[in-house]
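Student: Below is run_29.txt; it holds compact mmCIF, C-alpha atoms.
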# COMPACT_ATOMS: atom_id res chain seq x y z
CA MET U 5 0.00 18.49 -53.64
CA THR U 6 -2.17 17.23 -50.79
CA ALA U 7 -5.17 19.42 -50.10
CA PRO U 8 -5.09 21.25 -46.75
CA ALA U 9 -7.09 19.68 -43.95
CA ARG U 10 -10.61 21.06 -43.65
CA THR U 11 -11.69 22.43 -40.31
CA ASP U 12 -15.40 22.93 -41.06
CA ARG U 13 -16.53 19.31 -41.13
CA GLY U 14 -19.16 17.97 -38.75
CA SER U 15 -18.91 14.91 -36.54
CA GLU U 16 -20.47 12.43 -38.95
CA GLU U 17 -18.34 13.62 -41.86
CA LEU U 18 -15.15 13.48 -39.80
CA ILE U 19 -15.90 9.97 -38.61
CA ARG U 20 -16.53 8.84 -42.18
CA ALA U 21 -13.31 10.55 -43.31
CA GLU U 22 -11.25 8.50 -40.85
CA GLU U 23 -12.44 5.17 -42.23
CA PRO U 24 -10.29 4.91 -45.38
CA VAL U 25 -7.13 6.56 -44.01
CA LEU U 26 -6.76 5.35 -40.41
CA ALA U 27 -5.78 1.81 -39.42
CA HIS U 28 -8.77 0.20 -37.69
CA ASN U 29 -7.04 -0.59 -34.40
CA TYR U 30 -9.64 1.31 -32.35
CA HIS U 31 -13.44 1.40 -32.21
CA PRO U 32 -14.11 4.80 -30.62
CA LEU U 33 -17.46 6.05 -29.45
CA PRO U 34 -19.03 8.22 -32.17
CA VAL U 35 -18.13 11.56 -30.61
CA VAL U 36 -15.63 13.99 -32.15
CA VAL U 37 -14.03 16.14 -29.45
CA ALA U 38 -12.82 19.58 -30.51
CA ARG U 39 -12.32 21.48 -27.25
CA ALA U 40 -11.99 20.66 -23.58
CA GLU U 41 -11.37 22.18 -20.19
CA GLY U 42 -11.41 20.66 -16.73
CA ALA U 43 -13.77 17.68 -16.63
CA TRP U 44 -15.74 18.77 -19.71
CA VAL U 45 -15.25 18.29 -23.44
CA GLU U 46 -17.11 19.77 -26.40
CA ASP U 47 -17.66 18.24 -29.82
CA VAL U 48 -17.40 20.01 -33.17
CA GLU U 49 -21.10 20.93 -33.04
CA GLY U 50 -20.72 22.48 -29.58
CA ARG U 51 -22.38 19.70 -27.57
CA ARG U 52 -20.84 19.33 -24.10
CA TYR U 53 -20.00 16.08 -22.33
CA LEU U 54 -18.71 15.24 -18.86
CA ASP U 55 -15.54 13.20 -19.32
CA MET U 56 -15.84 10.23 -16.96
CA LEU U 57 -12.90 8.36 -18.51
CA ALA U 58 -10.08 10.94 -18.33
CA GLY U 59 -8.01 9.26 -21.01
CA TYR U 60 -7.72 6.03 -18.98
CA SER U 61 -6.17 8.16 -16.17
CA ALA U 62 -3.90 10.16 -18.49
CA LEU U 63 -6.04 13.21 -17.64
CA ASN U 64 -6.04 12.85 -13.86
CA PHE U 65 -5.72 16.65 -13.53
CA GLY U 66 -8.40 17.37 -16.09
CA HIS U 67 -8.12 18.83 -19.55
CA ARG U 68 -5.74 21.78 -19.90
CA HIS U 69 -4.94 22.24 -16.22
CA PRO U 70 -3.64 25.84 -15.99
CA ALA U 71 -0.41 24.97 -14.17
CA LEU U 72 0.43 22.26 -16.70
CA ILE U 73 -0.44 24.39 -19.72
CA GLU U 74 1.69 27.21 -18.33
CA ALA U 75 4.65 24.86 -17.79
CA ALA U 76 4.34 23.57 -21.36
CA HIS U 77 4.07 27.04 -22.89
CA ARG U 78 7.04 28.29 -20.89
CA GLN U 79 9.18 25.36 -22.01
CA LEU U 80 8.04 25.55 -25.64
CA ASP U 81 9.54 29.03 -25.79
CA ARG U 82 12.93 27.76 -24.60
CA LEU U 83 13.80 24.19 -25.60
CA THR U 84 11.87 21.04 -26.56
CA LEU U 85 14.37 18.32 -27.45
CA THR U 86 18.08 17.61 -27.19
CA SER U 87 18.02 13.79 -27.27
CA ARG U 88 19.98 12.09 -24.52
CA ALA U 89 23.20 12.73 -26.47
CA PHE U 90 23.37 15.91 -24.39
CA HIS U 91 22.16 16.96 -20.96
CA ASN U 92 19.26 19.38 -20.61
CA ASP U 93 18.50 21.77 -17.78
CA ARG U 94 15.10 20.28 -16.87
CA LEU U 95 15.83 16.59 -16.45
CA ALA U 96 17.70 16.57 -13.13
CA GLY U 97 14.96 18.47 -11.32
CA PHE U 98 12.26 16.22 -12.75
CA ALA U 99 14.10 13.06 -11.69
CA GLU U 100 14.88 14.41 -8.22
CA ARG U 101 11.29 15.36 -7.50
CA LEU U 102 9.74 12.23 -9.00
CA ALA U 103 12.09 10.02 -6.98
CA ALA U 104 11.21 11.94 -3.82
CA LEU U 105 7.47 11.74 -4.54
CA THR U 106 7.60 7.96 -5.02
CA GLY U 107 10.16 7.25 -2.29
CA THR U 108 12.64 5.75 -4.74
CA ASP U 109 16.30 6.30 -5.61
CA MET U 110 16.49 6.49 -9.38
CA VAL U 111 14.40 7.32 -12.44
CA LEU U 112 14.54 5.94 -15.97
CA PRO U 113 12.51 8.36 -18.14
CA MET U 114 10.66 7.04 -21.18
CA ASN U 115 7.61 8.13 -23.20
CA THR U 116 4.69 5.70 -23.25
CA GLY U 117 3.34 3.23 -20.75
CA ALA U 118 4.27 0.30 -22.96
CA GLU U 119 7.84 1.61 -23.12
CA ALA U 120 7.92 1.76 -19.33
CA VAL U 121 6.79 -1.87 -19.14
CA GLU U 122 9.32 -2.99 -21.76
CA SER U 123 12.01 -1.08 -19.88
CA GLY U 124 10.98 -2.66 -16.59
CA ILE U 125 11.24 -6.11 -18.16
CA LYS U 126 14.73 -5.37 -19.47
CA VAL U 127 15.87 -3.98 -16.12
CA ALA U 128 14.50 -7.00 -14.24
CA ARG U 129 16.25 -9.43 -16.57
CA LYS U 130 19.54 -7.51 -16.38
CA TRP U 131 19.30 -7.50 -12.58
CA ALA U 132 18.64 -11.25 -12.59
CA TYR U 133 21.82 -11.91 -14.58
CA ASP U 134 24.13 -9.35 -12.97
CA VAL U 135 22.95 -9.47 -9.36
CA LYS U 136 20.98 -12.66 -8.74
CA GLY U 137 23.20 -14.83 -10.93
CA VAL U 138 20.55 -16.45 -13.11
CA PRO U 139 22.24 -18.31 -16.01
CA ALA U 140 22.26 -16.40 -19.31
CA ASP U 141 18.94 -16.33 -21.19
CA ARG U 142 17.14 -18.31 -18.45
CA ALA U 143 15.42 -15.47 -16.57
CA THR U 144 11.67 -15.73 -16.12
CA ILE U 145 9.05 -13.18 -15.08
CA VAL U 146 5.78 -14.17 -13.41
CA VAL U 147 2.68 -12.23 -14.44
CA ALA U 148 -1.04 -12.39 -13.72
CA ALA U 149 -3.82 -13.63 -15.99
CA ASP U 150 -6.15 -10.97 -17.38
CA ASN U 151 -3.34 -8.43 -17.20
CA PHE U 152 -3.05 -5.36 -19.38
CA HIS U 153 0.44 -3.88 -19.66
CA GLY U 154 0.38 -2.66 -23.27
CA ARG U 155 0.30 -4.00 -26.80
CA THR U 156 3.91 -4.41 -27.95
CA THR U 157 5.00 -7.83 -29.20
CA THR U 158 6.72 -8.78 -25.95
CA ILE U 159 3.84 -7.59 -23.80
CA VAL U 160 1.11 -9.40 -25.74
CA SER U 161 3.26 -12.52 -25.39
CA PHE U 162 2.07 -12.77 -21.79
CA SER U 163 -1.47 -11.49 -22.32
CA THR U 164 -4.41 -13.84 -21.87
CA ASP U 165 -6.60 -11.68 -24.13
CA GLU U 166 -6.82 -13.51 -27.44
CA THR U 167 -7.85 -10.33 -29.26
CA ALA U 168 -4.50 -8.83 -28.27
CA ARG U 169 -2.54 -12.01 -29.11
CA SER U 170 -4.13 -13.67 -32.10
CA GLY U 171 -2.16 -13.16 -35.29
CA PHE U 172 0.91 -11.61 -33.64
CA GLY U 173 3.11 -14.63 -32.86
CA PRO U 174 5.69 -16.00 -32.50
CA PHE U 175 5.72 -14.84 -28.92
CA THR U 176 8.54 -13.83 -26.61
CA PRO U 177 9.43 -16.60 -24.13
CA GLY U 178 10.32 -16.21 -20.48
CA PHE U 179 6.95 -15.49 -18.87
CA ARG U 180 4.80 -17.56 -16.51
CA ILE U 181 1.13 -16.69 -16.08
CA VAL U 182 -0.72 -17.34 -12.82
CA PRO U 183 -4.21 -16.34 -11.66
CA TYR U 184 -4.48 -12.82 -10.25
CA ASN U 185 -5.08 -12.52 -6.52
CA ASP U 186 -3.77 -16.07 -5.87
CA LEU U 187 -0.69 -16.14 -3.64
CA ALA U 188 -0.47 -19.93 -3.62
CA ALA U 189 -0.28 -20.06 -7.42
CA LEU U 190 2.29 -17.28 -7.39
CA GLU U 191 4.45 -19.10 -4.87
CA ALA U 192 4.37 -22.26 -7.00
CA ALA U 193 5.47 -20.35 -10.10
CA VAL U 194 8.48 -18.59 -8.58
CA ASP U 195 11.79 -20.44 -8.68
CA GLU U 196 15.52 -19.78 -8.90
CA THR U 197 15.17 -18.40 -12.45
CA THR U 198 12.55 -15.80 -11.51
CA ALA U 199 13.74 -12.25 -12.09
CA ALA U 200 10.51 -10.54 -11.06
CA VAL U 201 6.82 -10.69 -10.37
CA LEU U 202 5.10 -8.07 -12.55
CA ILE U 203 1.53 -7.17 -11.62
CA GLU U 204 -0.97 -4.33 -11.63
CA PRO U 205 -1.98 -3.44 -8.06
CA ILE U 206 -5.47 -3.05 -9.54
CA GLN U 207 -6.26 -4.60 -12.91
CA GLY U 208 -7.79 -1.79 -14.95
CA GLU U 209 -8.59 -3.23 -18.37
CA ALA U 210 -9.94 -6.38 -16.75
CA GLY U 211 -12.67 -4.30 -15.14
CA VAL U 212 -10.98 -2.51 -12.21
CA LEU U 213 -10.32 -5.75 -10.34
CA ILE U 214 -9.17 -5.06 -6.79
CA PRO U 215 -7.29 -7.87 -5.04
CA ASP U 216 -8.10 -9.13 -1.55
CA ASP U 217 -6.65 -7.25 1.39
CA GLY U 218 -3.20 -8.64 2.05
CA TYR U 219 -2.50 -9.76 -1.52
CA LEU U 220 -0.04 -6.99 -2.35
CA ALA U 221 1.67 -7.36 1.01
CA GLY U 222 1.85 -11.09 0.32
CA VAL U 223 3.47 -10.47 -3.06
CA ARG U 224 6.02 -8.22 -1.38
CA GLU U 225 6.83 -10.81 1.31
CA LEU U 226 7.04 -13.65 -1.20
CA THR U 227 9.36 -11.81 -3.58
CA ARG U 228 11.69 -10.83 -0.75
CA ARG U 229 11.77 -14.37 0.58
CA LYS U 230 12.32 -15.91 -2.86
CA GLY U 231 14.95 -13.36 -3.89
CA CYS U 232 13.23 -11.75 -6.88
CA LEU U 233 11.89 -8.31 -7.69
CA PHE U 234 8.39 -6.94 -7.20
CA VAL U 235 7.54 -4.75 -10.20
CA ALA U 236 4.27 -2.81 -9.83
CA ASP U 237 2.60 -1.45 -12.96
CA GLU U 238 0.99 1.77 -11.68
CA ILE U 239 0.51 3.30 -15.12
CA GLN U 240 -3.27 3.55 -14.63
CA SER U 241 -3.57 3.17 -10.86
CA GLY U 242 -0.80 5.58 -9.85
CA LEU U 243 -0.42 9.33 -9.40
CA GLY U 244 -3.47 10.00 -7.27
CA ARG U 245 -6.16 7.91 -8.96
CA THR U 246 -6.96 5.66 -5.98
CA GLY U 247 -6.59 8.19 -3.15
CA HIS U 248 -2.86 7.69 -2.65
CA THR U 249 0.07 8.67 -4.83
CA LEU U 250 0.50 4.95 -5.60
CA ALA U 251 -2.11 2.21 -5.23
CA VAL U 252 0.38 -0.03 -3.39
CA GLU U 253 0.25 2.48 -0.53
CA HIS U 254 -3.16 1.08 0.45
CA GLU U 255 -1.20 -1.83 1.90
CA SER U 256 1.93 0.16 2.82
CA VAL U 257 3.89 -1.84 0.26
CA VAL U 258 7.13 -0.64 -1.34
CA PRO U 259 7.94 -2.50 -4.59
CA ASP U 260 11.46 -2.71 -5.98
CA VAL U 261 10.34 -1.09 -9.23
CA VAL U 262 7.29 1.00 -10.11
CA LEU U 263 6.14 1.71 -13.67
CA LEU U 264 4.51 5.09 -14.26
CA GLY U 265 2.93 6.79 -17.27
CA LYS U 266 -0.35 8.29 -18.44
CA ALA U 267 -1.00 11.03 -15.82
CA LEU U 268 2.73 11.77 -15.62
CA GLY U 269 2.38 13.70 -18.89
CA GLY U 270 -0.57 15.73 -17.64
CA GLY U 271 -2.58 14.96 -20.76
CA ILE U 272 -0.18 17.17 -22.73
CA VAL U 273 2.78 15.02 -23.80
CA PRO U 274 3.51 11.31 -23.41
CA VAL U 275 5.73 10.81 -20.37
CA SER U 276 6.51 7.56 -18.58
CA ALA U 277 9.14 6.40 -16.16
CA VAL U 278 10.58 3.39 -14.39
CA VAL U 279 11.40 4.31 -10.80
CA GLY U 280 13.11 2.10 -8.27
CA SER U 281 16.04 1.33 -6.05
CA ARG U 282 19.61 2.12 -7.00
CA GLU U 283 20.49 -1.57 -6.68
CA VAL U 284 18.07 -2.40 -9.48
CA LEU U 285 18.18 0.56 -11.88
CA GLY U 286 21.90 0.84 -11.34
CA VAL U 287 22.43 -2.29 -13.46
CA LEU U 288 21.99 -0.26 -16.65
CA HIS U 289 25.06 1.11 -18.40
CA PRO U 290 25.45 3.46 -21.40
CA GLY U 291 24.33 1.86 -24.64
CA GLU U 292 22.20 -0.86 -23.04
CA HIS U 293 18.91 1.01 -23.18
CA GLY U 294 17.66 4.37 -24.36
CA SER U 295 15.08 6.59 -26.02
CA THR U 296 15.62 9.67 -28.18
CA PHE U 297 12.62 11.44 -26.65
CA GLY U 298 12.85 9.92 -23.16
CA GLY U 299 13.51 12.69 -20.65
CA ASN U 300 13.19 15.45 -23.23
CA PRO U 301 13.01 19.00 -21.79
CA LEU U 302 9.34 19.54 -22.65
CA ALA U 303 8.35 16.23 -21.06
CA ALA U 304 10.52 16.97 -18.01
CA ALA U 305 8.96 20.41 -17.58
CA VAL U 306 5.41 19.06 -17.76
CA GLY U 307 6.31 16.05 -15.59
CA THR U 308 7.80 18.34 -12.96
CA ALA U 309 4.60 20.39 -12.92
CA VAL U 310 2.60 17.17 -12.45
CA VAL U 311 4.80 16.19 -9.51
CA GLU U 312 4.32 19.66 -8.01
CA LEU U 313 0.55 19.18 -8.10
CA LEU U 314 0.86 15.80 -6.37
CA GLU U 315 3.26 17.12 -3.74
CA THR U 316 0.39 19.14 -2.25
CA ASP U 317 -1.62 15.92 -1.64
CA GLU U 318 -4.72 17.81 -2.80
CA PHE U 319 -5.53 15.41 -5.61
CA GLN U 320 -4.97 12.29 -3.54
CA ARG U 321 -7.39 13.72 -0.94
CA ARG U 322 -9.95 14.60 -3.61
CA ALA U 323 -9.81 11.07 -5.02
CA ALA U 324 -10.34 9.58 -1.56
CA GLU U 325 -13.18 11.94 -0.60
CA LEU U 326 -15.00 11.86 -3.92
CA GLY U 327 -14.39 8.12 -4.09
CA ALA U 328 -16.78 7.79 -1.17
CA VAL U 329 -19.42 9.69 -3.18
CA LEU U 330 -18.81 7.38 -6.14
CA ARG U 331 -19.14 4.21 -4.07
CA GLU U 332 -22.29 5.43 -2.33
CA GLY U 333 -23.90 6.32 -5.64
CA LEU U 334 -23.02 2.99 -7.23
CA ALA U 335 -24.21 1.04 -4.19
CA ALA U 336 -27.62 2.68 -4.58
CA LEU U 337 -27.80 1.33 -8.15
CA VAL U 338 -27.11 -2.30 -7.26
CA GLY U 339 -30.28 -4.21 -8.10
CA ARG U 340 -31.45 -1.32 -10.27
CA GLY U 341 -29.49 -2.15 -13.40
CA VAL U 342 -26.12 -2.65 -11.72
CA VAL U 343 -25.30 -6.19 -10.65
CA GLY U 344 -22.00 -5.35 -8.98
CA PHE U 345 -19.10 -2.90 -8.93
CA ARG U 346 -15.55 -2.47 -7.69
CA ALA U 347 -14.22 0.95 -6.74
CA ARG U 348 -11.12 2.47 -5.21
CA GLY U 349 -10.71 6.21 -5.13
CA LEU U 350 -12.12 7.77 -8.29
CA TRP U 351 -11.92 4.54 -10.27
CA ALA U 352 -14.67 1.98 -10.69
CA GLY U 353 -15.62 -1.02 -12.78
CA VAL U 354 -19.41 -1.29 -13.02
CA ASP U 355 -21.08 -4.54 -14.05
CA VAL U 356 -24.38 -3.76 -15.76
CA ASP U 357 -27.18 -6.31 -16.05
CA PRO U 358 -26.48 -7.93 -19.46
CA ALA U 359 -30.22 -7.87 -20.17
CA LEU U 360 -29.93 -4.08 -20.41
CA GLY U 361 -27.19 -4.15 -23.04
CA SER U 362 -23.49 -4.62 -23.57
CA GLY U 363 -20.93 -2.26 -22.09
CA ARG U 364 -20.59 -0.65 -25.50
CA GLU U 365 -24.34 -0.10 -25.78
CA ILE U 366 -24.54 1.41 -22.30
CA SER U 367 -21.57 3.69 -23.13
CA GLU U 368 -23.34 4.89 -26.28
CA ARG U 369 -26.55 5.61 -24.36
CA LEU U 370 -24.60 7.59 -21.77
CA MET U 371 -22.85 9.50 -24.56
CA ARG U 372 -26.21 10.56 -25.94
CA GLU U 373 -27.02 11.89 -22.46
CA GLY U 374 -23.78 13.88 -22.25
CA ILE U 375 -21.62 11.45 -20.24
CA LEU U 376 -18.48 9.80 -21.67
CA VAL U 377 -17.38 6.43 -20.30
CA LYS U 378 -15.81 3.36 -21.90
CA ASP U 379 -16.64 -0.32 -21.76
CA THR U 380 -14.17 -3.09 -20.97
CA HIS U 381 -15.51 -6.63 -21.47
CA GLY U 382 -19.06 -7.86 -21.70
CA SER U 383 -21.43 -5.53 -19.85
CA THR U 384 -18.79 -3.81 -17.73
CA ILE U 385 -18.07 -0.09 -17.99
CA ARG U 386 -15.25 1.92 -16.44
CA LEU U 387 -15.60 5.18 -14.54
CA ALA U 388 -12.43 7.23 -14.06
CA PRO U 389 -13.26 10.93 -14.01
CA PRO U 390 -10.56 13.59 -13.71
CA LEU U 391 -9.57 14.19 -10.10
CA THR U 392 -10.77 17.77 -10.64
CA VAL U 393 -14.40 16.64 -10.98
CA THR U 394 -16.77 18.15 -8.42
CA ALA U 395 -19.15 16.25 -6.16
CA GLU U 396 -22.06 17.83 -8.02
CA GLU U 397 -20.72 16.72 -11.40
CA LEU U 398 -20.12 13.23 -10.06
CA THR U 399 -23.59 12.85 -8.57
CA GLY U 400 -25.05 14.24 -11.80
CA ALA U 401 -23.22 11.57 -13.81
CA LEU U 402 -24.47 8.87 -11.47
CA GLY U 403 -27.98 10.22 -11.86
CA THR U 404 -27.62 9.97 -15.62
CA LEU U 405 -26.39 6.39 -15.27
CA GLU U 406 -29.48 5.62 -13.20
CA LYS U 407 -31.68 7.18 -15.88
CA VAL U 408 -30.04 5.13 -18.63
CA LEU U 409 -30.35 1.89 -16.68
CA THR U 410 -33.90 2.33 -15.42
CA SER U 411 -35.73 4.19 -18.20
In structure tokens, what does this structure look like?
Tutor:
Amino acid sequence: MTAPARTDRGSEELIRAEEPVLAHNYHPLPVVVARAEGAWVEDVEGRRYLDMLAGYSALNFGHRHPALIEAAHRQLDRLTLTSRAFHNDRLAGFAERLAALTGTDMVLPMNTGAEAVESGIKVARKWAYDVKGVPADRATIVVAADNFHGRTTTIVSFSTDETARSGFGPFTPGFRIVPYNDLAALEAAVDETTAAVLIEPIQGEAGVLIPDDGYLAGVRELTRRKGCLFVADEIQSGLGRTGHTLAVEHESVVPDVVLLGKALGGGIVPVSAVVGSREVLGVLHPGEHGSTFGGNPLAAAVGTAVVELLETDEFQRRAAELGAVLREGLAALVGRGVVGFRARGLWAGVDVDPALGSGREISERLMREGILVKDTHGSTIRLAPPLTVTAEELTGALGTLEKVLTS
């Protein structure tokens, strides 16, 4: 019989214990989180850290937000799973409110962000065959270089990150890759076989790359003119992170399909969704796509509570207002260890002088000072605190960054 898990081990022992039994698909910072609330986490020794990553935006509302915890507890006492073989009493309300929040007609509930992307790809291809009239098995989807949409086999097929691709072929055909933020290249790649253009309104994993003003509007105009779909991956950028419910709202753009995830589960359960027009999502029929856990009652209850928080517009306002504090603080560090940054709302990619260390090394130094961030590539780190962070906490984190870069 397997021995029961010990609960009295320290951080170093727990990290060592993972090595032989966990697949090495991650390289976490050497911190072992045991408790959390709001914007703060605590390790097994009781050391506290300000969480400036928020689970890559999965924790937009902070750790253990009371309204979300209450919704989960209430639903746990009633019903957690039926599968989609039966209806459940929470799904309709969730779909109605999420559609209203995003200004769309229909919702396809799934679990993870990668599932939402895979589902969006299937929907776009089905639409291309049933509505646009693309010949069978000829549909193409245009994507942007340096994208990050997930790590499934199909998704890494159109990644330009060799770490994500190498060793995982053969790859799924049907994708064309163009430079991000380049409308001319996009126009040249779209033809009569194009089902959709799939892009992130802001490229997160690439270093929080923000396109030029007018790019998203240009994508919308081009896709309408060329007769294909605009699919926006808002899994990281959506649900309040950038100061609007969706990042595309910065250019008043309405895509045909929006992919949501991460924050939709409130940091409690994995919840994702494809939302869009009835003309597009209406192409699916029973048996063509599904998920046993997609739209489960627990996920729907938590997702509804998330939507309720966003309906107040409080968190979008906080991201916009505190985003100004973040930008001002980062601007003061340019030339003092920071060589450049990109920020929108409470989301920033910060390029550190490579002479001061790699992004990983800077992240480890910040960890030792009680601030948790994560690197992307090279000497770039990401800042994405919970939208519940206070101005004082934010300025304190920026002060710690200054200390790390200048001491």
Student: Give me, please, the distance in Å between CA of Leu391 (chain U) and CA of Asn64 (chain U), quoted to one decimal.
Tutor: 5.3 Å
Student: Which residues are close to Thr246 (chain U), i.e. within 10 Å by all atoms listed in the file, leaving aside same-chain residues fewer than 2 positions away? Reply as a tab-separated table (two decimals) with C-alpha atoms, in the coordinates of the input.
Tutor:
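Okay, out_27.tsv is ready:
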chain	number	residue	atom	x	y	z
U	206	ILE	CA	-5.47	-3.05	-9.54
U	240	GLN	CA	-3.27	3.55	-14.63
U	241	SER	CA	-3.57	3.17	-10.86
U	242	GLY	CA	-0.80	5.58	-9.85
U	243	LEU	CA	-0.42	9.33	-9.40
U	244	GLY	CA	-3.47	10.00	-7.27
U	248	HIS	CA	-2.86	7.69	-2.65
U	249	THR	CA	0.07	8.67	-4.83
U	250	LEU	CA	0.50	4.95	-5.60
U	251	ALA	CA	-2.11	2.21	-5.23
U	252	VAL	CA	0.38	-0.03	-3.39
U	253	GLU	CA	0.25	2.48	-0.53
U	254	HIS	CA	-3.16	1.08	0.45
U	319	PHE	CA	-5.53	15.41	-5.61
U	320	GLN	CA	-4.97	12.29	-3.54
U	321	ARG	CA	-7.39	13.72	-0.94
U	322	ARG	CA	-9.95	14.60	-3.61
U	323	ALA	CA	-9.81	11.07	-5.02
U	324	ALA	CA	-10.34	9.58	-1.56
U	327	GLY	CA	-14.39	8.12	-4.09
U	347	ALA	CA	-14.22	0.95	-6.74
U	348	ARG	CA	-11.12	2.47	-5.21
U	349	GLY	CA	-10.71	6.21	-5.13
U	350	LEU	CA	-12.12	7.77	-8.29
U	351	TRP	CA	-11.92	4.54	-10.27
U	352	ALA	CA	-14.67	1.98	-10.69
U	388	ALA	CA	-12.43	7.23	-14.06
U	391	LEU	CA	-9.57	14.19	-10.10
Student: Using only C-alpha atoms, find each residue of region 280-388 of chain U with at least one atom at most 8 Å away from an atom of region 23-38 of chain U; report its shortest atom-to-atom pair and that distance in Å (one decimal), sort the rows by chain and rising residue number, and return the result as a tab-separated table.
Tutor:
residue	atom	partner	partner_atom	distance
U:Ser367	CA	U:Leu33	CA	7.9
U:Glu368	CA	U:Leu33	CA	6.8
U:Met371	CA	U:Val35	CA	7.9
Student: Based on the selection just made, write C-alpha atoms of those residues as a JSON list (two decimals), keeping the file's coordinate frame.
Tutor:
[["chain", "number", "residue", "atom", "x", "y", "z"],
["U", 367, "SER", "CA", -21.57, 3.69, -23.13],
["U", 368, "GLU", "CA", -23.34, 4.89, -26.28],
["U", 371, "MET", "CA", -22.85, 9.50, -24.56]]
Student: Compare U:Gly374, U:Gly382, U:Pro301, U:Gly271 by their minimum atom-to-atom distance to Leu54 (chain U), counting all atoms listed in the file, and give me the closest one.
Tutor: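 Looking at the shortest contact to Leu54 (chain U), the residue is U:Gly374.
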Student: Please compute the CA of Arg386 (chain U)-CA of Gly363 (chain U) distance, one decimal, in Å.
Tutor: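 Taking CA of Arg386 (chain U) and CA of Gly363 (chain U), their separation equals 9.0 Å.
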Student: Enclose all atoms of region 195-203 of chain U listed in the file in an axis-aligned box, grow every side by 5 Å, and hand back centre and edge lengths in Å to one decimal, as AutoDock Vina command-line options.
Tutor:
--center_x 8.5 --center_y -13.8 --center_z -10.6 --size_x 24.0 --size_y 23.3 --size_z 13.9
Student: Using all atoms listed in the file, pick whichever of U:Glu312, U:Ala21, U:Ile375, U:Ser383 has the shortest atom-to-atom distance to Glu46 (chain U).
Tutor: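 Nearest candidate to Glu46 (chain U) out of U:Glu312, U:Ala21, U:Ile375, U:Ser383: U:Ile375.
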Student: Counting all atoms listed in the file, which of U:Arg331, U:Arg39, U:Arg346, U:Arg51 gets nearest to Ile214 (chain U)?
Tutor: U:Arg346
Student: N, CA and C atoms for region 394-405 of chain U, written as a CSV table (one decimal), keeping the file's coordinate frame, could you do that?
Tutor:
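The new file part07.csv reads:
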chain,number,residue,atom,x,y,z
U,394,THR,N,-16.1,17.7,-9.7
U,394,THR,CA,-16.8,18.2,-8.4
U,394,THR,C,-17.8,17.1,-8.0
U,395,ALA,N,-18.2,17.2,-6.7
U,395,ALA,CA,-19.2,16.2,-6.2
U,395,ALA,C,-20.5,16.4,-6.9
U,396,GLU,N,-20.8,17.6,-7.3
U,396,GLU,CA,-22.1,17.8,-8.0
U,396,GLU,C,-22.0,17.2,-9.4
U,397,GLU,N,-20.9,17.3,-10.1
U,397,GLU,CA,-20.7,16.7,-11.4
U,397,GLU,C,-20.8,15.2,-11.3
U,398,LEU,N,-20.2,14.7,-10.3
U,398,LEU,CA,-20.1,13.2,-10.1
U,398,LEU,C,-21.5,12.7,-9.8
U,399,THR,N,-22.2,13.3,-8.9
U,399,THR,CA,-23.6,12.8,-8.6
U,399,THR,C,-24.5,13.0,-9.8
U,400,GLY,N,-24.3,14.1,-10.6
U,400,GLY,CA,-25.0,14.2,-11.8
U,400,GLY,C,-24.8,13.1,-12.8
U,401,ALA,N,-23.5,12.7,-12.9
U,401,ALA,CA,-23.2,11.6,-13.8
U,401,ALA,C,-23.9,10.3,-13.3
U,402,LEU,N,-23.8,10.1,-12.0
U,402,LEU,CA,-24.5,8.9,-11.5
U,402,LEU,C,-26.0,8.9,-11.7
U,403,GLY,N,-26.6,10.1,-11.6
U,403,GLY,CA,-28.0,10.2,-11.9
U,403,GLY,C,-28.3,9.9,-13.3
U,404,THR,N,-27.4,10.3,-14.2
U,404,THR,CA,-27.6,10.0,-15.6
U,404,THR,C,-27.5,8.5,-15.8
U,405,LEU,N,-26.5,7.9,-15.2
U,405,LEU,CA,-26.4,6.4,-15.3
U,405,LEU,C,-27.7,5.7,-14.8
